[in-house]
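A.B. asks: Contents are CSV, C-alpha atoms; file name my_file.csv:
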```csv
chain,number,residue,atom,x,y,z
A,1,ALA,CA,0.0,0.0,0.0
A,2,ALA,CA,1.2,3.5,-0.6
A,3,LEU,CA,2.7,5.4,2.3
A,4,PRO,CA,0.4,8.1,3.7
A,5,GLY,CA,3.1,10.7,3.9
A,6,PRO,CA,6.9,11.2,3.8
A,7,ALA,CA,7.9,10.4,7.4
A,8,PRO,CA,7.4,7.7,10.0
A,9,ALA,CA,5.1,9.9,12.0
A,10,ASP,CA,2.7,9.7,9.1
A,11,TRP,CA,3.3,6.0,8.4
A,12,VAL,CA,2.3,5.0,11.9
A,13,LYS,CA,-1.1,6.6,11.5
A,14,ALA,CA,-2.1,4.3,8.6
A,15,PRO,CA,-4.6,1.6,9.7
A,16,LEU,CA,-3.4,-1.9,10.5
A,17,ASP,CA,-5.0,-4.9,9.0
A,18,PRO,CA,-6.9,-6.5,11.9
A,19,ALA,CA,-6.5,-10.0,10.5
A,20,VAL,CA,-2.7,-10.0,10.6
A,21,ARG,CA,-1.4,-12.6,13.2
A,22,ALA,CA,2.1,-13.1,12.0
A,23,VAL,CA,5.1,-11.3,10.6
A,24,LEU,CA,7.1,-13.5,8.2
A,25,VAL,CA,10.6,-12.3,7.3
A,26,GLY,CA,12.2,-13.8,4.1
A,27,PHE,CA,14.6,-12.6,1.5
A,28,ASP,CA,13.4,-9.2,0.4
A,29,GLU,CA,15.5,-7.1,-1.9
A,30,HIS,CA,12.9,-4.3,-1.5
A,31,PHE,CA,13.3,-4.3,2.3
A,32,SER,CA,12.9,-0.7,3.6
A,33,TYR,CA,12.7,1.2,6.8
A,34,ALA,CA,9.0,1.7,6.1
A,35,LYS,CA,8.4,-2.1,6.0
A,36,LEU,CA,10.5,-2.5,9.2
A,37,CYS,CA,8.3,0.1,10.8
A,38,GLN,CA,5.1,-1.7,9.8
A,39,ALA,CA,6.5,-5.1,11.0
A,40,LEU,CA,7.2,-3.5,14.4
A,41,ARG,CA,3.7,-2.1,14.6
A,42,TYR,CA,2.1,-5.5,14.0
A,43,LEU,CA,4.4,-7.1,16.6
A,44,LEU,CA,3.7,-4.5,19.2
A,45,ARG,CA,-0.1,-4.6,18.6
A,46,GLY,CA,-0.2,-8.4,18.8
A,47,GLY,CA,2.4,-9.1,21.4
A,48,PRO,CA,2.9,-12.8,21.9
A,49,ASP,CA,-0.3,-13.4,19.8
A,50,CYS,CA,1.5,-12.1,16.7
A,51,LEU,CA,4.1,-14.7,15.5
A,52,LEU,CA,7.5,-13.5,14.4
A,53,VAL,CA,8.9,-16.1,11.9
A,54,GLY,CA,12.0,-16.0,9.7
A,55,THR,CA,12.7,-18.3,6.7
A,56,ASN,CA,16.4,-18.7,7.5
A,57,ARG,CA,19.4,-16.8,9.1
A,58,ASP,CA,21.7,-16.7,6.1
A,59,HIS,CA,24.2,-13.8,6.5
A,60,ARG,CA,25.2,-13.6,2.9
A,61,LEU,CA,24.3,-15.1,-0.5
A,62,PRO,CA,27.7,-15.5,-2.1
A,63,LEU,CA,28.2,-14.3,-5.7
A,64,GLU,CA,31.2,-15.1,-7.9
A,65,GLY,CA,34.5,-13.4,-7.2
A,66,GLY,CA,34.1,-13.3,-3.5
A,67,ALA,CA,31.3,-10.7,-3.5
A,68,GLY,CA,28.0,-11.4,-1.9
A,69,ILE,CA,24.6,-9.8,-1.2
A,70,PRO,CA,23.1,-9.5,2.3
A,71,GLY,CA,21.1,-12.6,3.3
A,72,THR,CA,17.7,-13.0,5.0
A,73,GLY,CA,19.4,-13.2,8.4
A,74,CYS,CA,20.2,-9.5,8.2
A,75,LEU,CA,16.6,-8.5,7.8
A,76,VAL,CA,15.5,-11.0,10.5
A,77,LYS,CA,18.1,-9.3,12.9
A,78,ALA,CA,16.8,-5.9,12.1
A,79,VAL,CA,13.2,-6.9,13.0
A,80,GLU,CA,14.4,-8.8,16.1
A,81,THR,CA,16.4,-5.8,17.3
A,82,ALA,CA,13.6,-3.3,16.8
A,83,ALA,CA,11.0,-5.6,18.4
A,84,GLN,CA,13.3,-6.9,21.1
A,85,ARG,CA,12.2,-10.4,20.6
A,86,GLU,CA,13.5,-13.6,18.9
A,87,ALA,CA,12.2,-14.9,15.7
A,88,PHE,CA,11.3,-18.6,15.1
A,89,ILE,CA,13.5,-19.7,12.3
A,90,VAL,CA,11.9,-22.4,10.1
A,91,GLY,CA,14.9,-23.2,8.0
A,92,LYS,CA,17.9,-25.3,8.7
A,93,PRO,CA,19.3,-26.2,11.2
A,94,ASN,CA,15.7,-26.4,12.5
A,95,ARG,CA,14.5,-30.0,11.7
A,96,PHE,CA,11.1,-28.6,10.6
A,97,MET,CA,12.0,-28.8,6.9
A,98,PHE,CA,13.1,-32.5,7.2
A,99,ASP,CA,9.8,-33.3,9.0
A,100,CYS,CA,7.9,-31.7,6.1
A,101,VAL,CA,9.8,-33.9,3.6
A,102,ALA,CA,9.3,-37.0,5.8
A,103,GLY,CA,5.7,-36.2,6.2
A,104,GLU,CA,5.1,-36.3,2.5
A,105,PHE,CA,7.5,-39.1,1.4
A,106,PRO,CA,8.6,-42.4,2.8
A,107,VAL,CA,12.0,-41.3,3.9
A,108,GLU,CA,14.1,-43.5,6.3
A,109,PRO,CA,16.7,-41.5,8.1
A,110,ALA,CA,19.0,-44.5,8.2
A,111,ARG,CA,18.9,-44.7,4.4
A,112,THR,CA,19.2,-41.0,3.7
A,113,VAL,CA,22.2,-38.8,3.0
A,114,MET,CA,22.1,-35.0,3.6
A,115,VAL,CA,24.3,-33.1,1.2
A,116,GLY,CA,25.3,-29.5,1.9
A,117,ASP,CA,28.0,-26.9,2.0
A,118,ARG,CA,27.4,-25.2,5.4
A,119,LEU,CA,28.2,-26.8,8.7
A,120,ASP,CA,25.9,-24.7,10.9
A,121,THR,CA,22.8,-25.3,8.8
A,122,ASP,CA,23.0,-28.2,6.4
A,123,ILE,CA,25.2,-30.6,8.4
A,124,LEU,CA,23.8,-29.7,11.8
A,125,MET,CA,20.3,-30.4,10.6
A,126,GLY,CA,21.3,-33.6,9.0
A,127,ASN,CA,23.0,-34.9,12.1
A,128,ALA,CA,20.1,-33.8,14.3
A,129,CYS,CA,17.7,-35.8,12.2
A,130,GLY,CA,19.8,-38.9,12.3
A,131,LEU,CA,20.8,-38.7,8.6
A,132,THR,CA,24.2,-39.5,7.2
A,133,THR,CA,25.8,-36.1,6.3
A,134,LEU,CA,28.0,-35.3,3.4
A,135,LEU,CA,29.9,-32.0,3.1
A,136,THR,CA,30.8,-30.5,-0.3
A,137,LEU,CA,33.8,-28.2,-0.4
A,138,THR,CA,32.7,-26.1,-3.3
A,139,GLY,CA,30.7,-23.7,-1.2
A,140,VAL,CA,31.1,-21.8,2.0
A,141,THR,CA,33.1,-24.3,4.1
A,142,ALA,CA,36.8,-25.2,4.2
A,143,LEU,CA,38.1,-28.5,5.6
A,144,ASP,CA,40.1,-26.7,8.3
A,145,GLU,CA,36.9,-25.5,9.8
A,146,VAL,CA,35.7,-29.1,10.1
A,147,ARG,CA,38.9,-30.2,11.7
A,148,GLY,CA,38.7,-27.3,14.1
A,149,HIS,CA,35.3,-28.6,15.3
A,150,GLN,CA,36.4,-32.2,15.3
A,151,ASP,CA,39.5,-31.5,17.4
A,152,SER,CA,37.7,-29.3,19.9
A,153,GLY,CA,36.7,-31.0,23.1
A,154,CYS,CA,33.2,-29.5,22.8
A,155,PRO,CA,30.3,-32.0,22.3
A,156,ALA,CA,28.1,-29.4,20.7
A,157,ARG,CA,30.7,-28.7,18.0
A,158,GLN,CA,30.8,-32.4,17.1
A,159,ASP,CA,27.3,-32.0,15.8
A,160,LEU,CA,28.8,-29.8,13.1
A,161,VAL,CA,31.1,-32.5,11.8
A,162,PRO,CA,29.9,-34.4,8.7
A,163,HIS,CA,30.3,-38.1,8.2
A,164,TYR,CA,31.9,-37.7,4.8
A,165,TYR,CA,33.1,-34.9,2.5
A,166,VAL,CA,33.6,-34.5,-1.3
A,167,ASP,CA,35.4,-31.8,-3.2
A,168,SER,CA,32.3,-31.4,-5.4
A,169,ILE,CA,28.8,-32.8,-5.7
A,170,ALA,CA,29.8,-33.8,-9.3
A,171,ASP,CA,32.0,-36.5,-7.7
A,172,LEU,CA,28.8,-38.3,-6.7
A,173,LEU,CA,27.1,-38.4,-10.0
A,174,PRO,CA,28.7,-41.5,-11.4
A,175,ALA,CA,27.6,-43.5,-8.3
A,176,LEU,CA,24.0,-42.1,-8.6
A,177,GLY,CA,23.8,-43.3,-12.2
A,178,GLU,CA,24.0,-46.9,-11.1
B,1,ARG,CA,13.0,24.0,21.9
B,2,PHE,CA,15.0,24.2,25.1
B,3,SER,CA,13.6,27.6,25.9
B,4,ARG,CA,10.1,26.4,25.2
B,5,LEU,CA,10.7,23.7,27.9
B,6,GLY,CA,11.8,26.3,30.4
B,7,PHE,CA,15.6,26.1,30.0
B,8,ARG,CA,17.1,29.5,29.5
B,9,GLY,CA,20.6,30.4,28.1
B,10,VAL,CA,21.1,27.3,26.0
B,11,ARG,CA,23.0,28.0,22.8
B,12,ALA,CA,23.8,25.9,19.8
B,13,GLU,CA,27.4,25.2,21.0
B,14,HIS,CA,25.9,23.7,24.2
B,15,VAL,CA,24.1,21.0,22.2
B,16,PHE,CA,25.9,17.7,21.5
B,17,SER,CA,24.1,15.1,19.5
B,18,SER,CA,25.3,11.6,18.6
B,19,ALA,CA,25.3,12.8,15.0
B,20,LEU,CA,27.7,15.6,15.8
B,21,CYS,CA,29.9,13.4,17.9
B,22,SER,CA,30.0,10.7,15.3
B,23,ALA,CA,31.2,13.3,12.8
B,24,LEU,CA,33.9,14.4,15.2
B,25,PHE,CA,34.9,10.8,15.8
B,26,LEU,CA,35.3,10.2,12.0
B,27,ARG,CA,37.2,13.4,11.6
B,28,GLN,CA,39.7,12.3,14.2
B,29,ARG,CA,40.1,8.8,12.7
B,30,LEU,CA,40.1,9.8,9.0
B,31,LEU,CA,41.7,13.3,9.2
B,32,GLY,CA,43.8,12.8,12.3
B,33,GLY,CA,42.1,15.7,14.0
B,34,GLY,CA,43.2,18.4,11.6
B,35,GLY,CA,44.2,19.1,8.0
B,36,ASN,CA,42.0,19.2,4.9
B,37,GLY,CA,39.9,16.5,3.4
B,38,SER,CA,42.1,15.3,0.6
B,39,GLY,CA,43.3,11.7,0.8
B,40,ALA,CA,41.1,11.1,3.8
B,41,GLY,CA,38.7,9.0,1.7
B,42,ARG,CA,34.9,9.3,1.8
B,43,VAL,CA,32.2,8.3,4.2
B,44,PHE,CA,29.1,6.3,3.2
B,45,VAL,CA,26.3,7.6,5.4
B,46,LEU,CA,23.1,5.7,6.1
B,47,GLY,CA,21.1,8.5,7.6
B,48,GLY,CA,19.1,11.8,7.1
B,49,GLU,CA,20.2,15.3,6.1
B,50,GLY,CA,21.1,16.2,9.7
B,51,LEU,CA,23.7,13.5,10.0
B,52,ARG,CA,25.0,14.1,6.5
B,53,GLY,CA,25.4,17.8,7.3
B,54,GLU,CA,27.4,17.0,10.5
B,55,VAL,CA,29.8,14.8,8.5
B,56,ARG,CA,30.2,17.5,5.9
B,57,ASP,CA,30.7,20.2,8.5
B,58,ALA,CA,33.5,18.1,10.0
B,59,GLY,CA,35.3,18.4,6.7
B,60,LEU,CA,34.6,15.0,5.4
B,61,ARG,CA,33.3,14.0,1.9
B,62,LEU,CA,30.3,11.8,1.5
B,63,ALA,CA,30.0,8.8,-0.9
B,64,GLY,CA,27.0,9.0,-3.1
B,65,GLU,CA,24.4,6.3,-3.6
B,66,GLY,CA,25.5,4.2,-6.5
B,67,GLU,CA,29.1,3.5,-7.6
B,68,PRO,CA,31.9,5.4,-6.0
B,69,ALA,CA,34.2,7.7,-8.1
B,70,PRO,CA,37.4,5.8,-8.9
B,71,GLY,CA,40.4,6.8,-6.8
B,72,GLU,CA,38.4,8.0,-3.8
B,73,PRO,CA,38.1,5.1,-1.5
B,74,VAL,CA,35.3,4.9,1.0
B,75,ARG,CA,37.0,4.7,4.4
B,76,ALA,CA,34.0,4.5,6.7
B,77,VAL,CA,30.4,3.4,6.7
B,78,LEU,CA,28.4,5.4,9.2
B,79,VAL,CA,25.0,4.0,10.3
B,80,GLY,CA,22.5,6.4,11.8
B,81,TYR,CA,18.8,6.8,12.0
B,82,ASP,CA,17.7,6.3,8.4
B,83,ASP,CA,14.0,6.3,7.6
B,84,GLN,CA,15.0,5.8,3.9
B,85,PHE,CA,17.0,2.6,4.6
B,86,THR,CA,16.8,0.0,1.9
B,87,PHE,CA,18.2,-3.4,0.9
B,88,ALA,CA,20.2,-1.7,-1.9
B,89,LYS,CA,21.9,0.7,0.7
B,90,LEU,CA,22.6,-2.3,2.9
B,91,ALA,CA,24.2,-4.1,0.0
B,92,GLN,CA,26.2,-1.0,-1.0
B,93,ALA,CA,27.5,-0.6,2.6
B,94,CYS,CA,28.6,-4.3,2.7
B,95,GLY,CA,30.5,-3.8,-0.6
B,96,TYR,CA,32.6,-1.0,1.1
B,97,LEU,CA,33.1,-3.1,4.3
B,98,ARG,CA,34.8,-5.9,2.4
B,99,ASP,CA,37.9,-3.6,2.8
B,100,PRO,CA,39.0,-4.3,6.3
B,101,GLN,CA,40.4,-0.8,6.5
B,102,CYS,CA,37.0,0.7,6.1
B,103,LEU,CA,35.5,1.6,9.5
B,104,LEU,CA,32.0,0.6,10.5
B,105,VAL,CA,30.6,3.2,12.9
B,106,ALA,CA,27.1,3.7,14.4
B,107,THR,CA,25.7,6.8,15.9
B,108,ASP,CA,23.8,5.0,18.7
B,109,PRO,CA,22.5,1.5,19.8
B,110,ASP,CA,18.9,2.4,20.3
B,111,PRO,CA,16.6,-0.4,19.1
B,112,TRP,CA,13.5,1.9,18.9
B,113,HIS,CA,12.2,5.3,19.8
B,114,PRO,CA,8.9,6.2,21.3
B,115,LEU,CA,6.4,8.3,19.4
B,116,SER,CA,4.0,10.8,21.0
B,117,ASP,CA,1.0,8.4,20.6
B,118,GLY,CA,2.7,5.5,22.4
B,119,GLN,CA,3.8,3.7,19.2
B,120,ARG,CA,7.5,3.0,18.4
B,121,THR,CA,9.7,3.6,15.4
B,122,PRO,CA,12.8,1.4,14.7
B,123,GLY,CA,16.1,2.9,15.9
B,124,THR,CA,19.7,3.0,14.6
B,125,GLY,CA,20.4,-0.2,16.5
B,126,SER,CA,18.1,-2.3,14.3
B,127,LEU,CA,19.8,-1.0,11.1
B,128,THR,CA,23.2,-1.5,12.6
B,129,ALA,CA,22.3,-5.1,13.4
B,130,ALA,CA,21.5,-5.7,9.7
B,131,VAL,CA,24.8,-4.2,8.6
B,132,GLU,CA,26.8,-6.2,11.2
B,133,THR,CA,25.1,-9.4,10.2
B,134,ALA,CA,25.7,-8.9,6.5
B,135,SER,CA,29.3,-7.7,6.8
B,136,GLY,CA,30.4,-10.0,9.7
B,137,ARG,CA,31.8,-6.9,11.4
B,138,LYS,CA,31.1,-5.3,14.7
B,139,ALA,CA,30.2,-1.6,14.6
B,140,LEU,CA,31.9,1.0,16.8
B,141,VAL,CA,29.0,2.8,18.5
B,142,VAL,CA,29.9,6.4,19.2
B,143,GLY,CA,26.8,7.3,21.2
B,144,LYS,CA,25.7,6.5,24.8
B,145,PRO,CA,26.6,4.4,26.7
B,146,ASN,CA,30.1,4.9,25.1
B,147,THR,CA,31.8,7.7,27.0
B,148,TYR,CA,33.0,9.4,23.8
B,149,MET,CA,30.2,12.0,23.8
B,150,PHE,CA,31.3,13.1,27.3
B,151,ASP,CA,34.9,13.4,26.1
B,152,CYS,CA,33.7,15.8,23.4
B,153,ILE,CA,31.8,17.9,26.0
B,154,VAL,CA,34.7,18.0,28.4
B,155,GLU,CA,37.2,19.0,25.7
B,156,ARG,CA,35.0,22.0,24.8
B,157,PHE,CA,33.7,23.0,28.2
B,158,GLY,CA,35.8,21.5,31.0
B,159,VAL,CA,32.9,19.9,32.9
B,160,ASP,CA,33.6,18.6,36.5
B,161,PRO,CA,32.0,15.1,36.7
B,162,SER,CA,31.6,15.3,40.4
B,163,ARG,CA,29.3,18.4,40.0
B,164,THR,CA,27.4,17.0,36.9
B,165,LEU,CA,24.0,15.4,36.8
B,166,MET,CA,23.0,13.1,33.9
B,167,VAL,CA,19.3,13.2,33.2
B,168,GLY,CA,17.8,10.6,30.8
B,169,ASP,CA,14.9,8.3,30.1
B,170,ARG,CA,16.6,5.1,28.9
B,171,LEU,CA,18.4,3.0,31.4
B,172,GLU,CA,20.6,1.0,28.9
B,173,THR,CA,22.0,4.2,27.3
B,174,ASP,CA,21.5,7.4,29.4
B,175,ILE,CA,21.9,6.0,32.9
B,176,LEU,CA,24.8,3.6,32.0
B,177,PHE,CA,26.5,6.5,30.2
B,178,GLY,CA,26.2,8.6,33.3
B,179,LYS,CA,27.7,5.7,35.4
B,180,ASN,CA,30.5,5.2,32.9
B,181,CYS,CA,31.4,8.9,33.0
B,182,GLY,CA,31.3,9.1,36.8
B,183,LEU,CA,28.2,11.3,36.9
B,184,ALA,CA,25.2,11.2,39.2
B,185,THR,CA,22.1,10.0,37.3
B,186,ILE,CA,18.4,10.8,37.3
B,187,LEU,CA,15.9,8.7,35.4
B,188,THR,CA,12.8,10.5,34.1
B,189,LEU,CA,9.7,8.4,33.7
B,190,THR,CA,8.2,10.2,30.8
B,191,GLY,CA,10.1,8.2,28.2
B,192,VAL,CA,11.4,4.7,27.4
B,193,SER,CA,12.2,3.0,30.7
B,194,ARG,CA,9.7,2.0,33.4
B,195,LEU,CA,10.4,2.2,37.1
B,196,GLU,CA,9.8,-1.5,37.3
B,197,GLU,CA,12.8,-2.1,34.9
B,198,ALA,CA,15.1,0.0,37.2
B,199,GLN,CA,13.9,-2.0,40.2
B,200,ALA,CA,14.5,-5.2,38.3
B,201,TYR,CA,18.1,-4.2,37.6
B,202,MET,CA,18.5,-3.2,41.3
B,203,ALA,CA,17.3,-6.6,42.4
B,204,SER,CA,19.5,-8.5,39.8
B,205,ASP,CA,22.3,-10.8,40.8
B,206,ASN,CA,24.2,-9.7,37.8
B,207,ALA,CA,27.0,-7.2,38.8
B,208,ALA,CA,26.7,-5.3,35.5
B,209,ALA,CA,23.0,-4.7,36.2
B,210,LYS,CA,23.9,-2.3,39.1
B,211,ASP,CA,25.4,0.1,36.6
B,212,LEU,CA,21.9,0.6,35.0
B,213,VAL,CA,20.3,1.7,38.3
B,214,PRO,CA,19.9,5.5,38.5
B,215,ASN,CA,20.8,7.4,41.7
B,216,TYR,CA,17.4,9.2,41.5
B,217,TYR,CA,14.2,9.3,39.5
B,218,VAL,CA,11.5,11.9,38.7
B,219,ASP,CA,8.1,11.6,37.1
B,220,SER,CA,9.1,14.4,34.7
B,221,ILE,CA,12.0,16.6,33.9
B,222,ALA,CA,9.7,19.5,34.6
B,223,ASP,CA,9.9,18.6,38.3
B,224,LEU,CA,13.6,19.7,38.2
B,225,ILE,CA,13.0,23.2,36.8
B,226,PRO,CA,12.1,25.1,40.0
B,227,GLY,CA,15.3,23.7,41.5
B,228,LEU,CA,17.4,25.0,38.6
B,229,ASP,CA,16.2,28.5,39.0
B,230,GLU,CA,17.7,28.9,42.4
```
In structure tokens, how does this file's structure come out?

C.D. replies:
Amino acid sequence: AALPGPAPADWVKAPLDPAVRAVLVGFDEHFSYAKLCQALRYLLRGGPDCLLVGTNRDHRLPLEGGAGIPGTGCLVKAVETAAQREAFIVGKPNRFMFDCVAGEFPVEPARTVMVGDRLDTDILMGNACGLTTLLTLTGVTALDEVRGHQDSGCPARQDLVPHYYVDSIADLLPALGE
Amino acid sequence: RFSRLGFRGVRAEHVFSSALCSALFLRQRLLGGGGNGSGAGRVFVLGGEGLRGEVRDAGLRLAGEGEPAPGEPVRAVLVGYDDQFTFAKLAQACGYLRDPQCLLVATDPDPWHPLSDGQRTPGTGSLTAAVETASGRKALVVGKPNTYMFDCIVERFGVDPSRTLMVGDRLETDILFGKNCGLATILTLTGVSRLEEAQAYMASDNAAAKDLVPNYYVDSIADLIPGLDE
């Protein structure tokens, strides 16, 4: 909807939709202060009766050449900070996504491999769901990072260690063809 | 505005904002406290005309929105209250922050500000959180509770902390700032913080919580004015 004036003092006078019961934060390349303002209004109006949900906490979406663009996690943090409350994050490492898949398809954890390139999302979720986890090294994570977790004495960090790794997901394709 | 509220004799040079002090801070870091602007690099400001003006008045040049001119590196990203904040500006800031020499500075940590009708508007703190998350960097926050603003005041006016009273409405910034600077503190209840919050800090087992407990409180700053006239 169009903003009813140039400044926040005008925006907060616009009527709120009485049916709104959740604020959902996803990737939004059109994110703006005005939207942040509106999200805060719904969260304050609803209190605990208005859910605050985020799709994921990715900091950056990597582009070629080492550049990147801000991820959804930045926008989630902005809303969490303004509202002084924590969002419920649906995406990995939350097991909700696996439960969705397992609810629709006959997936057996003992016969399932989770392939991913991030330890704190992909691998952590896979391990938490009892899957076999496979790290690909073409993305965000370097092997040194894995060794760091493995060699630490900390039990929580062991959950970030994959069962296997490959340099590239392409290495798996011959085996999948059989 | 001060005279409307009953404070007489307040002049422009007596007013220190987080915007002014952020500009002074950047001037020190980028210009070394003196000299002209050449070679200092530019500042990318996320904020309104007031903040941009303070940075210019400090002798610094601003980066425009869009691509920087070649040969003039951006040496600092300054996050302030920006009601025109967008994803594009966030992405632009992150581009500059890939250079580890580029400073990340924020004017203040406030998560929100109260509006006159009881609603809230997001503060600099929420925008800074987005920039920090995207860049993987921690911002240097110039404003309260950092003592830098007090250093600015003392340098210009030679204030004696033992004879200075800090008045504020937010425990986590104003009162903690007063404590950090060795000032006596008064909380006014007309703004952000509730008396119950101060009492909760007082009752807390956490040693750091004691620093957020004011020495005194008043319902309104107006209660102090008769005392000031004497």

A.B. asks: For chain B, which residues have at least one atom within 6 Å of chain A, if we go by all atoms listed in the file? Write them as a list of chain:residue names, please.

C.D. replies: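 My answer is B:Asp83, B:Gln84, B:Phe85, B:Thr86, B:Phe87, B:Ala91, B:Pro111, B:Trp112, B:Thr121, B:Pro122, B:Ser126, B:Leu127, B:Ala129, B:Ala130, B:Thr133, B:Ala134.
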
A.B. asks: Between CA of Asp17 in chain A and CA of Gln119 in chain B, what is the distance, to one decimal in Å?

C.D. replies: 16.0 Å

A.B. asks: One decimal, Å: what's the distance from CA of Arg194 in chain B over to CA of Arg1 in chain B, could you say?

C.D. replies: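 If I compute the distance from CA of Arg194 in chain B to CA of Arg1 in chain B, I get 25.0 Å.
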
A.B. asks: Need to verify the contact set: Ala184 in chain B, 8 Å, only C-alpha atoms, exclusion of same-chain residues closer than 6 positions in sequence. Can you return it as a list of chain:residue names?

C.D. replies: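 That gives B:Ser162, B:Thr164, B:Leu165, B:Met166, B:Gly178, B:Pro214, B:Asn215.
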
A.B. asks: Measuring atom to atom with all atoms listed in the file, identify which of B:Asp99, B:Asp211, B:Glu196, B:Glu72 is nearest to Ser135 in chain B.

C.D. replies: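 Using all atoms listed in the file, the shortest distance to Ser135 in chain B belongs to B:Asp99.
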
A.B. asks: Expressed in Å to a single decimal, how great is the separation between CA of Val140 in chain A and CA of Glu64 in chain A?

C.D. replies: 12.0 Å
